[in-house]
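A.B. asks: I'd like to ask you about the structure that follows.
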Amino acid sequence: MNDSIPAAPSILLVGASRGLGRAMAEEFVQRGWDVVGTVRGRGRTPLHDLADRHPDQVTIEFADINESDQVAALRGRLADRRFDVLFVNAGITNRNPDETIAEIARQEFVQVMETNALSPMRTIETLDGLVTVPGLVGIMSSGQGSVSGNERGGHELYRGSKAALNMFMRSYAARHAGSARSFLLLAPGWIRTELGGPDAPFTLEQTIPDIVNCIIDKRGRPGLEYLDRKGKAVPW
């Protein structure tokens, strides 16, 4: 008779230092998951406070997704680990989100597109071998990445970067057609974080349980879906 205790489910959460990512990490911990969360800098972050309270469940790793060598080094350090979920949480916007695409400085355009679209996909490509089969590979997208949903304009660079991310993830999923893994683009809604700003209608406390539910519920459903935090399909 085997009396061994089943291993806790685990998530590799890229971008967990503060805000939405750290809140997700805490919610997963409260649900009994083991969390490996990444931070960019070497300084102390709110994720370190969570790790201090739950040293057996939270491990902190360092990686800036805009630095490919750091992501590759992370892959090497975690080579012997396997995760039920890999989720990349990344998103920035330009300093003046009301600027039109014609007004945005070239350097700012490149920075936002790199952080929101290119680097998350390169991170997925580098780390997806650490995900169990079946397991889930997901990225934080946005409802503003919906092309058909853009009826009011505004936030042009941010919208464009998330739309590009969605297209790249669709290409990734097409290359992995028939995989037993689940692929997720998650649109969390407008939340009161550093990125969302103080005028956002929803708090982390109101939204994080739904976000984590969406990720967990998507496990076991192979293929790519673009979902809001309630699990409802977002129009492409």
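FYI, nothing fancy with the structure tokens labels: chains A, B, ... in order, residues from 1 per chain, ligands from 1 as they appear.
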When you look at region 231-234 of chain A with a cut-off of 12 Å (counting only C-alpha atoms), what residues show up, excluding the ones that are within fewer than 6 positions of it in the same chain? I need them as a VMD selection string.
C.D. replies: chain A and resid 141 to 150 166 184 to 189 209 to 219 224 to 225
A.B. asks: Okay, now the selection with N, CA and C atoms, as a JSON list (two decimals), in the first residue's frame?
C.D. replies:
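File written: out_2.json
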[["chain", "number", "residue", "atom", "x", "y", "z"],
["A", 141, "SER", "N", -2.91, 38.65, -21.33],
["A", 141, "SER", "CA", -3.22, 39.52, -22.45],
["A", 141, "SER", "C", -4.09, 40.67, -21.94],
["A", 142, "SER", "N", -5.03, 41.12, -22.73],
["A", 142, "SER", "CA", -5.92, 42.21, -22.34],
["A", 142, "SER", "C", -7.10, 42.21, -23.30],
["A", 143, "GLY", "N", -8.24, 42.65, -22.79],
["A", 143, "GLY", "CA", -9.38, 42.85, -23.68],
["A", 143, "GLY", "C", -9.10, 43.90, -24.73],
["A", 144, "GLN", "N", -8.13, 44.79, -24.46],
["A", 144, "GLN", "CA", -7.77, 45.81, -25.43],
["A", 144, "GLN", "C", -6.99, 45.23, -26.60],
["A", 145, "GLY", "N", -6.62, 43.97, -26.50],
["A", 145, "GLY", "CA", -5.99, 43.30, -27.64],
["A", 145, "GLY", "C", -6.98, 42.75, -28.63],
["A", 146, "SER", "N", -8.27, 42.86, -28.34],
["A", 146, "SER", "CA", -9.30, 42.38, -29.26],
["A", 146, "SER", "C", -9.45, 43.36, -30.42],
["A", 147, "VAL", "N", -9.22, 42.87, -31.64],
["A", 147, "VAL", "CA", -9.34, 43.73, -32.82],
["A", 147, "VAL", "C", -10.81, 44.10, -33.05],
["A", 148, "SER", "N", -11.69, 43.11, -33.00],
["A", 148, "SER", "CA", -13.10, 43.39, -33.24],
["A", 148, "SER", "C", -13.73, 44.18, -32.11],
["A", 149, "GLY", "N", -13.13, 44.12, -30.92],
["A", 149, "GLY", "CA", -13.67, 44.85, -29.78],
["A", 149, "GLY", "C", -13.24, 46.30, -29.71],
["A", 150, "ASN", "N", -12.37, 46.72, -30.61],
["A", 150, "ASN", "CA", -11.87, 48.10, -30.58],
["A", 150, "ASN", "C", -12.84, 49.00, -31.35],
["A", 166, "ASN", "N", -1.49, 38.37, -29.08],
["A", 166, "ASN", "CA", -2.53, 37.37, -29.36],
["A", 166, "ASN", "C", -2.24, 36.63, -30.66],
["A", 184, "LEU", "N", -3.51, 29.50, -23.05],
["A", 184, "LEU", "CA", -4.44, 30.51, -22.57],
["A", 184, "LEU", "C", -3.90, 31.92, -22.77],
["A", 185, "LEU", "N", -4.73, 32.78, -23.36],
["A", 185, "LEU", "CA", -4.55, 34.22, -23.33],
["A", 185, "LEU", "C", -5.62, 34.77, -22.40],
["A", 186, "LEU", "N", -5.21, 35.39, -21.32],
["A", 186, "LEU", "CA", -6.14, 35.82, -20.29],
["A", 186, "LEU", "C", -6.29, 37.34, -20.28],
["A", 187, "ALA", "N", -7.53, 37.81, -20.41],
["A", 187, "ALA", "CA", -7.85, 39.23, -20.34],
["A", 187, "ALA", "C", -8.46, 39.51, -18.97],
["A", 188, "PRO", "N", -7.70, 40.07, -18.04],
["A", 188, "PRO", "CA", -8.17, 40.15, -16.66],
["A", 188, "PRO", "C", -9.17, 41.27, -16.38],
["A", 189, "GLY", "N", -9.28, 42.24, -17.30],
["A", 189, "GLY", "CA", -10.13, 43.40, -17.04],
["A", 189, "GLY", "C", -9.31, 44.56, -16.50],
["A", 209, "PRO", "N", -9.29, 36.06, -7.35],
["A", 209, "PRO", "CA", -9.87, 34.71, -7.31],
["A", 209, "PRO", "C", -10.41, 34.25, -8.66],
["A", 210, "ASP", "N", -11.05, 35.16, -9.40],
["A", 210, "ASP", "CA", -11.57, 34.80, -10.72],
["A", 210, "ASP", "C", -10.44, 34.51, -11.70],
["A", 211, "ILE", "N", -9.38, 35.29, -11.64],
["A", 211, "ILE", "CA", -8.23, 35.07, -12.53],
["A", 211, "ILE", "C", -7.63, 33.69, -12.30],
["A", 212, "VAL", "N", -7.43, 33.34, -11.04],
["A", 212, "VAL", "CA", -6.85, 32.04, -10.73],
["A", 212, "VAL", "C", -7.83, 30.92, -11.08],
["A", 213, "ASN", "N", -9.11, 31.12, -10.83],
["A", 213, "ASN", "CA", -10.10, 30.12, -11.25],
["A", 213, "ASN", "C", -10.03, 29.86, -12.75],
["A", 214, "CYS", "N", -9.90, 30.93, -13.52],
["A", 214, "CYS", "CA", -9.85, 30.80, -14.97],
["A", 214, "CYS", "C", -8.66, 29.95, -15.40],
["A", 215, "ILE", "N", -7.51, 30.19, -14.79],
["A", 215, "ILE", "CA", -6.31, 29.42, -15.13],
["A", 215, "ILE", "C", -6.49, 27.95, -14.76],
["A", 216, "ILE", "N", -6.96, 27.70, -13.56],
["A", 216, "ILE", "CA", -7.12, 26.32, -13.10],
["A", 216, "ILE", "C", -8.18, 25.59, -13.92],
["A", 217, "ASP", "N", -9.28, 26.27, -14.22],
["A", 217, "ASP", "CA", -10.36, 25.63, -14.97],
["A", 217, "ASP", "C", -9.97, 25.32, -16.41],
["A", 218, "LYS", "N", -9.06, 26.09, -16.97],
["A", 218, "LYS", "CA", -8.61, 25.86, -18.35],
["A", 218, "LYS", "C", -7.73, 24.63, -18.46],
["A", 219, "ARG", "N", -7.09, 24.24, -17.38],
["A", 219, "ARG", "CA", -6.28, 23.01, -17.41],
["A", 219, "ARG", "C", -7.16, 21.83, -17.81],
["A", 224, "LEU", "N", -5.95, 26.50, -27.68],
["A", 224, "LEU", "CA", -5.85, 27.89, -27.26],
["A", 224, "LEU", "C", -7.21, 28.51, -27.09],
["A", 225, "GLU", "N", -7.38, 29.27, -25.98],
["A", 225, "GLU", "CA", -8.57, 30.08, -25.78],
["A", 225, "GLU", "C", -8.14, 31.47, -25.30]]
A.B. asks: Quick one: of A:Leu20, A:Val110, A:Leu86, A:Met167, who's nearest to Val133 (chain A), counting only C-alpha atoms?
C.D. replies: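 So, comparing all the options, the nearest one is A:Leu86.
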A.B. asks: List as a list in words the protein and nucleic acid residues near Ser10 (chain A), meaning an atom at most 9 Å away when only C-alpha atoms are counted, but skip any in the same chain fewer than 3 places from it.
C.D. replies: Ala7, Phe28, Gly32, Trp33, Asp34, Val35, Val36, Arg82, Phe83, Asp84, Val85 and Leu86 of chain A
A.B. asks: For the structure I just gave you, how does DSSP split region 67-221 of chain A - specifically, which residues are strand (DSSP E or B)? Reply as a list in words.
C.D. replies: Phe83, Asp84, Val85, Leu86, Phe87, Val88, Val131, Thr132, Val133, Pro134, Gly135, Leu136, Val137, Gly138, Ile139, Met140, Ser182, Phe183, Leu184, Leu185, Leu186, Ala187, Ile191 and Phe202 of chain A
A.B. asks: Between CA of Arg75 (chain A) and CA of Glu27 (chain A), what is the spacing in Å?
C.D. replies: 24.4 Å
A.B. asks: Just the number, please: distance in Å from CA of Gly129 (chain A) to CA of Ala63 (chain A), one decimal.
C.D. replies: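 A separation of 17.1 Å between them.
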A.B. asks: Suppose you want the space between CA of Asp98 (chain A) and CA of Gly154 (chain A); what is it in Å?
C.D. replies: 6.0 Å
A.B. asks: Measuring atom to atom with only C-alpha atoms, identify which of A:Pro9, A:Gly37, A:Gly43, A:Pro235 is nearest to Ile60 (chain A).
C.D. replies: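 Distance minimum relative to Ile60 (chain A) lands on A:Gly37.
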A.B. asks: Which is closest to Thr93 (chain A) among A:Leu136, A:Leu12, A:Leu157, A:Ile191, if we use only C-alpha atoms?
C.D. replies: A:Leu157
A.B. asks: Which of these residues is nearest to Ser171 (chain A), using only C-alpha atoms: A:Gly135, A:Thr207, A:His155, A:Glu125?
C.D. replies: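 For Ser171 (chain A), the nearest of the candidates is A:Glu125.
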A.B. asks: Just the residues within 9 Å of Asp64 (chain A), please, counting only C-alpha atoms, with nothing from its chain fewer than 3 positions along; format it as a PyMOL selection string.
C.D. replies: chain A and resi 15+38-41+67-68+70-71
A.B. asks: Could the residues in this selection be written to a file with N, CA and C atoms, as an mmCIF file, in the first residue's frame?
C.D. replies:
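Contents of the output file out-v3.cif:
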data_model
loop_
_atom_site.group_PDB
_atom_site.id
_atom_site.type_symbol
_atom_site.label_atom_id
_atom_site.label_comp_id
_atom_site.auth_asym_id
_atom_site.auth_seq_id
_atom_site.Cartn_x
_atom_site.Cartn_y
_atom_site.Cartn_z
ATOM 1 N N GLY A 15 7.031 37.110 -13.678
ATOM 2 C CA GLY A 15 6.538 38.467 -13.429
ATOM 3 C C GLY A 15 5.642 38.501 -12.210
ATOM 4 N N THR A 38 9.139 34.845 -10.540
ATOM 5 C CA THR A 38 10.331 35.580 -10.953
ATOM 6 C C THR A 38 10.203 37.070 -10.666
ATOM 7 N N VAL A 39 11.345 37.684 -10.389
ATOM 8 C CA VAL A 39 11.461 39.131 -10.218
ATOM 9 C C VAL A 39 12.581 39.604 -11.142
ATOM 10 N N ARG A 40 12.563 40.896 -11.476
ATOM 11 C CA ARG A 40 13.568 41.421 -12.400
ATOM 12 C C ARG A 40 14.829 41.890 -11.692
ATOM 13 N N GLY A 41 14.662 42.675 -10.625
ATOM 14 C CA GLY A 41 15.812 43.260 -9.955
ATOM 15 C C GLY A 41 16.292 42.406 -8.802
ATOM 16 N N GLU A 67 15.727 40.177 -21.409
ATOM 17 C CA GLU A 67 17.120 39.731 -21.514
ATOM 18 C C GLU A 67 17.101 38.222 -21.765
ATOM 19 N N SER A 68 17.280 37.831 -23.007
ATOM 20 C CA SER A 68 17.140 36.418 -23.385
ATOM 21 C C SER A 68 18.106 35.517 -22.632
ATOM 22 N N GLN A 70 19.102 35.840 -19.602
ATOM 23 C CA GLN A 70 18.597 35.603 -18.252
ATOM 24 C C GLN A 70 17.484 34.559 -18.257
ATOM 25 N N VAL A 71 16.637 34.575 -19.272
ATOM 26 C CA VAL A 71 15.579 33.572 -19.367
ATOM 27 C C VAL A 71 16.188 32.200 -19.633
#
A.B. asks: Mind checking which residues fall within 10 Å of Val29 (chain A), counting only C-alpha atoms, ignoring those fewer than 4 positions away in the same chain, and posting them as a list of chain:residue names?
C.D. replies: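 The neighbour list is A:Ser10, A:Ile11, A:Ala23, A:Met24, A:Ala25, A:Trp33, A:Asp34, A:Val35, A:Leu50, A:Ala51, A:His54, A:Asp56, A:Gln57, A:Val58.
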A.B. asks: When DSSP is applied to the backbone of this structure, which of region 35-226 of chain A are assigned helix (DSSP H, G or I)? Write them out as an MDAnalysis selection string.
C.D. replies: chainID A and resid 46:53 68:77 106:130 143:145 156:175 204:218
